[in-house]
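Colleague: Provided herewith: upload16.txt, compact mmCIF, C-alpha atoms.
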```
# COMPACT_ATOMS: atom_id res chain seq x y z
CA MET A 1 20.56 -57.10 -167.90
CA LYS A 2 17.34 -55.55 -166.59
CA LYS A 3 15.70 -56.03 -169.99
CA VAL A 4 16.62 -59.72 -169.94
CA ARG A 5 15.04 -60.17 -166.51
CA TYR A 6 11.84 -58.47 -167.64
CA TYR A 7 11.68 -60.65 -170.76
CA ILE A 8 12.11 -63.76 -168.62
CA LEU A 9 9.35 -62.56 -166.31
CA ILE A 10 6.93 -61.94 -169.20
CA ILE A 11 7.66 -65.36 -170.70
CA GLY A 12 7.12 -66.95 -167.28
CA LEU A 13 3.76 -65.25 -166.89
CA LEU A 14 2.63 -66.37 -170.34
CA VAL A 15 3.68 -69.96 -169.69
CA SER A 16 1.98 -69.93 -166.30
CA SER A 17 -1.26 -68.55 -167.79
CA SER A 18 -1.26 -71.25 -170.48
CA ALA A 19 -0.76 -73.97 -167.87
CA PHE A 20 -3.42 -72.48 -165.63
CA SER A 21 -6.03 -72.62 -168.41
CA GLN A 22 -6.04 -76.40 -167.95
CA LYS A 23 -5.66 -76.37 -164.18
CA TRP A 24 -9.42 -76.74 -163.68
CA LYS A 25 -8.97 -80.43 -164.52
CA LEU A 26 -6.97 -80.82 -161.31
CA SER A 27 -9.70 -79.26 -159.17
CA ARG A 28 -12.97 -80.54 -160.56
CA SER A 29 -14.58 -81.15 -157.16
CA GLU A 30 -15.92 -78.57 -154.69
CA VAL A 31 -17.74 -78.80 -151.39
CA GLY A 32 -19.58 -75.94 -149.80
CA GLY A 33 -22.38 -74.60 -147.70
CA GLY A 34 -24.44 -71.49 -147.29
CA ILE A 35 -27.09 -69.55 -145.46
CA GLY A 36 -29.89 -67.53 -146.94
CA ILE A 37 -33.56 -66.64 -147.02
CA ALA A 38 -36.69 -68.41 -148.30
CA ASN A 39 -39.79 -66.83 -149.84
CA TYR A 40 -43.03 -68.62 -150.67
CA PHE A 41 -45.76 -67.96 -153.23
CA GLY A 42 -49.04 -69.78 -152.69
CA ASP A 43 -52.63 -69.47 -151.49
CA ILE A 44 -51.98 -67.79 -148.14
CA GLY A 45 -50.70 -64.22 -147.93
CA GLY A 46 -49.34 -62.39 -150.92
CA ALA A 47 -49.68 -58.85 -152.20
CA GLU A 48 -52.37 -56.42 -151.14
CA GLN A 49 -53.78 -56.49 -154.65
CA SER A 50 -54.53 -59.88 -156.17
CA LYS A 51 -53.38 -58.66 -159.59
CA MET A 52 -49.78 -58.41 -158.40
CA LEU A 53 -47.77 -61.55 -159.16
CA GLY A 54 -44.25 -62.84 -158.71
CA PHE A 55 -41.84 -60.59 -156.86
CA GLY A 56 -44.68 -58.20 -156.07
CA ASP A 57 -45.83 -60.85 -153.59
CA ILE A 58 -42.60 -60.81 -151.57
CA ASP A 59 -43.27 -59.90 -147.95
CA LEU A 60 -40.19 -59.24 -145.83
CA GLU A 61 -42.20 -59.89 -142.67
CA ASN A 62 -42.84 -63.46 -143.82
CA THR A 63 -39.32 -64.09 -145.11
CA ARG A 64 -37.56 -66.91 -143.26
CA PHE A 65 -34.09 -68.51 -143.21
CA SER A 66 -32.53 -71.42 -145.08
CA PHE A 67 -29.36 -73.53 -144.84
CA SER A 68 -27.63 -75.49 -147.59
CA GLY A 69 -24.80 -77.93 -148.23
CA PHE A 70 -23.59 -79.10 -151.63
CA TYR A 71 -21.04 -80.93 -153.75
CA ARG A 72 -20.09 -79.67 -157.24
CA TYR A 73 -18.18 -81.48 -159.99
CA ARG A 74 -16.99 -79.88 -163.23
CA ILE A 75 -17.54 -82.22 -166.15
CA TYR A 76 -16.32 -79.66 -168.71
CA GLU A 77 -14.78 -76.21 -168.42
CA ARG A 78 -18.17 -74.52 -168.84
CA PHE A 79 -20.44 -77.22 -167.38
CA SER A 80 -20.78 -78.46 -163.81
CA ILE A 81 -23.15 -80.76 -161.98
CA LYS A 82 -24.15 -80.07 -158.39
CA GLY A 83 -26.05 -82.02 -155.77
CA GLY A 84 -27.17 -80.71 -152.43
CA LEU A 85 -29.42 -80.74 -149.42
CA ASN A 86 -31.38 -77.68 -148.27
CA TYR A 87 -33.40 -76.90 -145.20
CA ALA A 88 -35.79 -73.96 -145.05
CA ARG A 89 -38.36 -72.48 -142.76
CA ILE A 90 -41.26 -71.19 -144.86
CA HIS A 91 -43.94 -68.88 -143.54
CA GLY A 92 -47.00 -67.12 -144.91
CA ALA A 93 -49.84 -65.03 -143.48
CA ASP A 94 -52.92 -63.22 -144.77
CA LYS A 95 -52.00 -60.11 -142.79
CA ASN A 96 -51.62 -57.09 -145.12
CA SER A 97 -52.77 -59.16 -148.10
CA ALA A 98 -55.89 -59.25 -150.27
CA ASN A 99 -57.23 -62.00 -147.95
CA GLU A 100 -56.53 -60.25 -144.64
CA GLY A 101 -60.09 -60.83 -143.41
CA ARG A 102 -59.61 -64.60 -143.64
CA ASN A 103 -56.68 -64.41 -141.18
CA TYR A 104 -54.94 -67.64 -142.25
CA ALA A 105 -51.26 -68.25 -141.49
CA PHE A 106 -48.85 -71.18 -141.50
CA SER A 107 -45.24 -72.24 -140.95
CA THR A 108 -43.55 -75.12 -142.76
CA ASN A 109 -40.30 -77.02 -142.24
CA LEU A 110 -39.04 -78.03 -145.67
CA TYR A 111 -36.19 -80.36 -146.66
CA GLU A 112 -34.96 -80.56 -150.20
CA LEU A 113 -32.65 -82.98 -152.02
CA TYR A 114 -31.71 -81.99 -155.56
CA GLY A 115 -29.30 -82.27 -158.47
CA GLN A 116 -28.68 -79.62 -161.11
CA VAL A 117 -26.65 -78.84 -164.22
CA GLU A 118 -24.82 -75.50 -164.30
CA TYR A 119 -23.70 -73.64 -167.40
CA HIS A 120 -20.99 -71.04 -166.77
CA ILE A 121 -21.92 -68.01 -168.87
CA THR A 122 -18.56 -66.42 -168.21
CA GLU A 123 -15.25 -68.22 -167.93
CA GLU A 124 -14.34 -69.16 -164.38
CA LYS A 125 -11.05 -67.36 -163.80
CA GLN A 126 -9.48 -68.35 -160.53
CA MET A 127 -7.08 -66.34 -158.45
CA VAL A 128 -3.38 -66.77 -159.23
CA THR A 129 -0.64 -65.12 -157.17
CA TYR A 130 2.67 -64.47 -158.88
CA ASN A 131 5.70 -63.69 -156.76
CA ALA A 132 7.87 -61.49 -158.94
CA MET A 133 11.28 -61.13 -157.32
CA SER A 134 12.35 -58.50 -159.81
CA LEU A 135 9.33 -56.31 -159.08
CA ARG A 136 8.45 -54.57 -155.88
CA GLY A 137 5.82 -56.53 -153.96
CA LYS A 138 3.55 -59.16 -155.51
CA LEU A 139 1.09 -59.19 -158.36
CA LYS A 140 -2.01 -60.64 -156.70
CA LYS A 141 -5.43 -61.73 -157.92
CA MET A 142 -4.39 -61.99 -161.54
CA ASN A 143 -7.15 -63.75 -163.52
CA ALA A 144 -9.61 -63.33 -160.61
CA ASP A 145 -13.05 -62.34 -161.87
CA ILE A 146 -16.76 -62.86 -161.18
CA ASN A 147 -18.12 -66.02 -162.73
CA PHE A 148 -21.82 -66.02 -163.71
CA TYR A 149 -23.78 -69.24 -164.28
CA ALA A 150 -27.31 -70.47 -164.91
CA PHE A 151 -28.72 -73.74 -163.58
CA LEU A 152 -31.55 -76.19 -164.11
CA GLY A 153 -32.22 -79.31 -162.06
CA ILE A 154 -34.59 -81.80 -160.56
CA GLY A 155 -35.18 -83.05 -157.04
CA GLY A 156 -37.65 -83.80 -154.31
CA SER A 157 -38.88 -82.03 -151.20
CA TYR A 158 -40.46 -83.12 -147.95
CA PHE A 159 -42.44 -80.57 -145.97
CA LYS A 160 -44.67 -80.44 -142.91
CA SER A 161 -46.90 -77.42 -142.37
CA THR A 162 -48.34 -76.10 -139.12
CA PRO A 163 -51.59 -74.05 -139.31
CA LEU A 164 -51.68 -70.76 -137.40
CA GLU A 165 -54.21 -68.02 -136.54
CA SER A 166 -57.73 -68.78 -137.87
CA PHE A 167 -56.32 -71.51 -140.09
CA GLU A 168 -55.53 -73.54 -136.97
CA THR A 169 -59.22 -74.33 -136.38
CA SER A 170 -60.23 -74.52 -140.05
CA THR A 171 -61.47 -77.79 -141.58
CA ARG A 172 -59.77 -76.75 -144.84
CA TYR A 173 -56.29 -77.56 -143.51
CA VAL A 174 -54.66 -80.59 -145.19
CA GLY A 175 -51.64 -81.97 -143.35
CA ASP A 176 -51.07 -85.39 -144.94
CA LYS A 177 -49.68 -84.34 -148.34
CA ASN A 178 -46.01 -83.81 -147.60
CA MET A 179 -43.88 -84.62 -150.66
CA SER A 180 -43.36 -83.22 -154.14
CA LEU A 181 -41.11 -83.31 -157.17
CA ILE A 182 -39.31 -80.00 -157.67
CA VAL A 183 -37.53 -78.29 -160.57
CA PRO A 184 -34.85 -75.77 -159.47
CA VAL A 185 -33.98 -73.01 -161.94
CA GLY A 186 -32.01 -69.82 -161.44
CA LEU A 187 -28.79 -67.83 -161.63
CA GLY A 188 -25.63 -67.70 -159.55
CA LEU A 189 -22.25 -66.05 -159.31
CA LYS A 190 -18.87 -66.95 -157.81
CA TYR A 191 -15.82 -64.91 -156.90
CA PRO A 192 -12.49 -66.45 -155.81
CA LEU A 193 -11.20 -65.39 -152.42
CA SER A 194 -8.14 -67.61 -152.77
CA PRO A 195 -6.97 -70.28 -155.25
CA LYS A 196 -9.18 -72.85 -153.47
CA THR A 197 -11.96 -70.83 -151.83
CA SER A 198 -14.83 -68.94 -153.50
CA LEU A 199 -17.67 -66.76 -152.29
CA GLY A 200 -20.97 -67.19 -154.10
CA LEU A 201 -24.52 -65.89 -154.39
CA GLU A 202 -27.37 -67.95 -155.83
CA VAL A 203 -31.01 -67.06 -156.51
CA GLY A 204 -33.24 -69.94 -157.49
CA ARG A 205 -36.92 -70.68 -157.97
CA ARG A 206 -38.43 -74.06 -157.19
CA PHE A 207 -41.32 -75.17 -159.38
CA THR A 208 -43.33 -77.87 -157.61
CA LEU A 209 -46.10 -80.35 -158.35
CA THR A 210 -47.95 -79.63 -155.12
CA ASP A 211 -50.39 -77.03 -153.84
CA TYR A 212 -50.00 -78.07 -150.20
CA ILE A 213 -46.75 -76.55 -148.95
CA ASP A 214 -49.03 -74.29 -146.91
CA GLY A 215 -51.51 -77.11 -146.19
CA PHE A 216 -54.20 -75.29 -148.16
CA SER A 217 -55.58 -75.60 -151.68
CA PRO A 218 -58.79 -73.66 -152.38
CA GLU A 219 -61.05 -74.80 -155.19
CA GLN A 220 -60.34 -71.68 -157.24
CA SER A 221 -56.56 -72.16 -157.06
CA GLU A 222 -55.03 -72.37 -160.54
CA ASN A 223 -51.31 -72.51 -159.70
CA ARG A 224 -48.99 -74.79 -157.74
CA ASP A 225 -47.06 -73.48 -154.77
CA THR A 226 -43.55 -72.22 -155.52
CA TYR A 227 -40.72 -70.90 -153.39
CA TYR A 228 -37.42 -69.05 -153.80
CA PHE A 229 -34.02 -69.43 -152.17
CA THR A 230 -31.52 -66.58 -152.03
CA VAL A 231 -28.29 -68.02 -150.63
CA ILE A 232 -24.80 -66.72 -149.87
CA ASN A 233 -22.35 -69.62 -149.92
CA VAL A 234 -18.69 -70.50 -149.57
CA SER A 235 -17.09 -73.34 -151.54
CA TYR A 236 -13.74 -75.09 -151.26
CA LYS A 237 -11.94 -76.88 -154.09
CA LEU A 238 -10.69 -80.42 -153.53
CA GLU A 239 -7.56 -80.33 -155.65
CA ARG A 240 -5.88 -83.53 -156.72
CA LYS A 241 -2.19 -83.76 -157.45
CA ALA A 242 -1.03 -84.05 -161.01
CA LYS A 243 0.54 -87.36 -161.84
CA ARG A 244 4.23 -87.25 -162.51
CA PRO A 245 5.27 -88.73 -165.83
CA GLU A 246 7.06 -92.02 -165.61
CA TYR A 247 10.37 -92.36 -167.46
CA ARG A 248 11.63 -95.74 -168.45
CA PHE A 249 15.08 -96.42 -169.83
```
Can I see the file as structure tokens?
Modeller:
Amino acid sequence: MKKVRYYILIIGLLVSSSAFSQKWKLSRSEVGGGIGIANYFGDIGGAEQSKMLGFGDIDLENTRFSFSGFYRYRIYERFSIKGGLNYARIHGADKNSANEGRNYAFSTNLYELYGQVEYHITEEKQMVTYNAMSLRGKLKKMNADINFYAFLGIGGSYFKSTPLESFETSTRYVGDKNMSLIVPVGLGLKYPLSPKTSLGLEVGRRFTLTDYIDGFSPEQSENRDTYYFTVINVSYKLERKAKRPEYRF
């Protein structure tokens, strides 16, 4: 009799897993929000040596905060589209940089509206809780796993910089160029906390078409300003009910 109950349990788990593989179609939509940090790479501040590029330019003292809200829709099991709105405070200063003697600094309020396509590198396995009456306790978090994805998008940003320190009295400050096209690119991960709620981390770079996020573009500048977001977010699935089949006699 015990063997029969165990066989029934195993069959039930297999059937449930097969049904769950298509359950993503019932929860295509997600809403979420997050908080994180923003880092800028431009013509003010940077590393102590001008030869250092990229992450070598990150200065924790000039790191500022960001907030985000988004909506995600899964068009296929491995592909999603996401649209969102971000706000960030961006700051930079020549202190402790190769241009410390210039003593320029700035702060910028930046708003960003974007859309992106996400490719899920690993299968998104959501949490499923099975209540096994014949076993002691419950088998929890079956199928739960970290989901990694890459994204690429397009959007626009509006920003308004404020000159600080010696830059405040400089004639080189430009404050009337406040918009740019942006291209977000990066990586993210998600982990289910419950069947409907997930915790995520996303790191993304924004390529821009402007050199004025800091309000400054020297003649020798060869690159556009860029910035990074590192965001911890929480998302919630908007699950729709499956339609019941209609029987006609």
Colleague: Give me the residues near Gly83 (chain A) as a ChimeraX atom specification, where near means some atom within 8 Å (using only C-alpha atoms) and where sequence neighbours in that chain fewer than 4 positions away do not count.
Modeller: /A:70-72,113-116
Colleague: Would you kindly return, as a PyMOL selection string, each protein, DNA or RNA residue with an atom no farther than 10 Å from any atom of Arg102 (chain A), considering all atoms listed in the file and excluding same-chain residues fewer than 6 positions away?
Modeller: chain A and resi 44-45+93-95+165-167
Colleague: Give me the residues near Asp225 (chain A) as a PyMOL selection string, where near means some atom within 6 Å (using only C-alpha atoms) and where sequence neighbours in that chain fewer than 3 positions away do not count.
Modeller: chain A and resi 41-42+211
Colleague: The residues within 12 Å of (-57.2, -75.0, -158.3), using all atoms listed in the file and the coordinates of the file, should be reported as JSON, numbers by chain; which are they?
Modeller: {"A": [42, 43, 210, 211, 212, 216, 217, 218, 219, 220, 221, 222, 223, 224, 225]}
Colleague: Do you know which residues lie at most 7 Å from (-25.5, -77.7, -144.4), with coordinates as in the file and all atoms listed in the file counted, and could you write them as an NGL selection string?
Modeller: :A and (33-34 or 67-69)
Colleague: Give me the residues near Asn178 (chain A) as a list in words, where near means some atom within 7 Å (using only C-alpha atoms) and where sequence neighbours in that chain fewer than 3 positions away do not count.
Modeller: Tyr158, Phe159 and Lys160 of chain A
Colleague: Once you have the residues from the selection above, write them out as a JSON list (two decimals), keeping the file's coordinate frame, restricted to C-alpha atoms.
Modeller:
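Final output, out_34.json:
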```
[["chain", "number", "residue", "atom", "x", "y", "z"],
["A", 158, "TYR", "CA", -40.46, -83.12, -147.95],
["A", 159, "PHE", "CA", -42.44, -80.57, -145.97],
["A", 160, "LYS", "CA", -44.67, -80.44, -142.91]]
```
Colleague: Per residue of region 83-191 of chain A within 9 Å of region 202-209 of chain A, which atom pair is closest and at what distance in Å (one decimal), using all atoms listed in the file, listed by chain and increasing number, as CSV?
Modeller:
```
residue,atom,partner,partner_atom,distance
A:Phe151,CA,A:Gly204,CA,8.5
A:Gly156,CA,A:Thr208,CA,8.8
A:Ser157,CA,A:Thr208,CA,8.8
A:Ser180,CA,A:Leu209,CA,5.8
A:Leu181,CA,A:Thr208,CA,5.9
A:Ile182,CA,A:Thr208,CA,4.5
A:Val183,CA,A:Phe207,CA,5.1
A:Pro184,CA,A:Arg206,CA,4.6
A:Val185,CA,A:Gly204,CA,5.5
A:Gly186,CA,A:Gly204,CA,4.1
A:Leu187,CA,A:Val203,CA,5.6
A:Gly188,CA,A:Glu202,CA,4.1
A:Leu189,CA,A:Glu202,CA,6.5
A:Lys190,CA,A:Glu202,CA,8.8
```
Colleague: Give me the residues within 9 Å of Glu123 (chain A) as a ChimeraX atom specification, counting all atoms listed in the file and dropping any in the same chain fewer than 2 places off.
Modeller: /A:77-78,120-121,125,145-148
Colleague: Of the candidates A:Glu118, A:Glu61, A:Asp176, A:Glu168, which one gets nearest to Ile90 (chain A) if we count only C-alpha atoms?
Modeller: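 Of A:Glu118, A:Glu61, A:Asp176, A:Glu168, the one nearest Ile90 (chain A) is A:Glu61, counting only C-alpha atoms.
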Colleague: Ranking A:Arg172, A:Arg74, A:Lys82, A:Arg64 by minimum distance to Gly32 (chain A) and counting all atoms listed in the file, which one comes first?
Modeller: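 Checking each candidate against Gly32 (chain A), we get A:Lys82 as the closest.
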Colleague: What is the CA of Glu30 (chain A) to CA of Glu239 (chain A) distance in Å?
Modeller: 8.6 Å
Colleague: In terms of the shortest atom-to-atom distance over all atoms listed in the file, which of A:Met179, A:Pro195, A:Ile213, A:Tyr149 is closest to Ser27 (chain A)?
Modeller: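 For Ser27 (chain A), the nearest of the candidates is A:Pro195.
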Colleague: Smallest atom-to-atom distance to Asn96 (chain A): which of A:Ser80, A:Leu238, A:Tyr73, A:Leu60, using all atoms listed in the file?
Modeller: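 Closest to Asn96 (chain A), using all atoms listed in the file: A:Leu60.
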Colleague: Of the candidates A:Asn39, A:Thr122, A:Ser97, A:Thr162, which one gets nearest to Asn109 (chain A) if we count all atoms listed in the file?
Modeller: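 So, comparing all the options, the nearest one is A:Thr162.
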Colleague: Just give me the gap between CA of Ser198 (chain A) and CA of Ser235 (chain A) in Å, one decimal is fine.
Modeller: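 So the answer is 5.3 Å.
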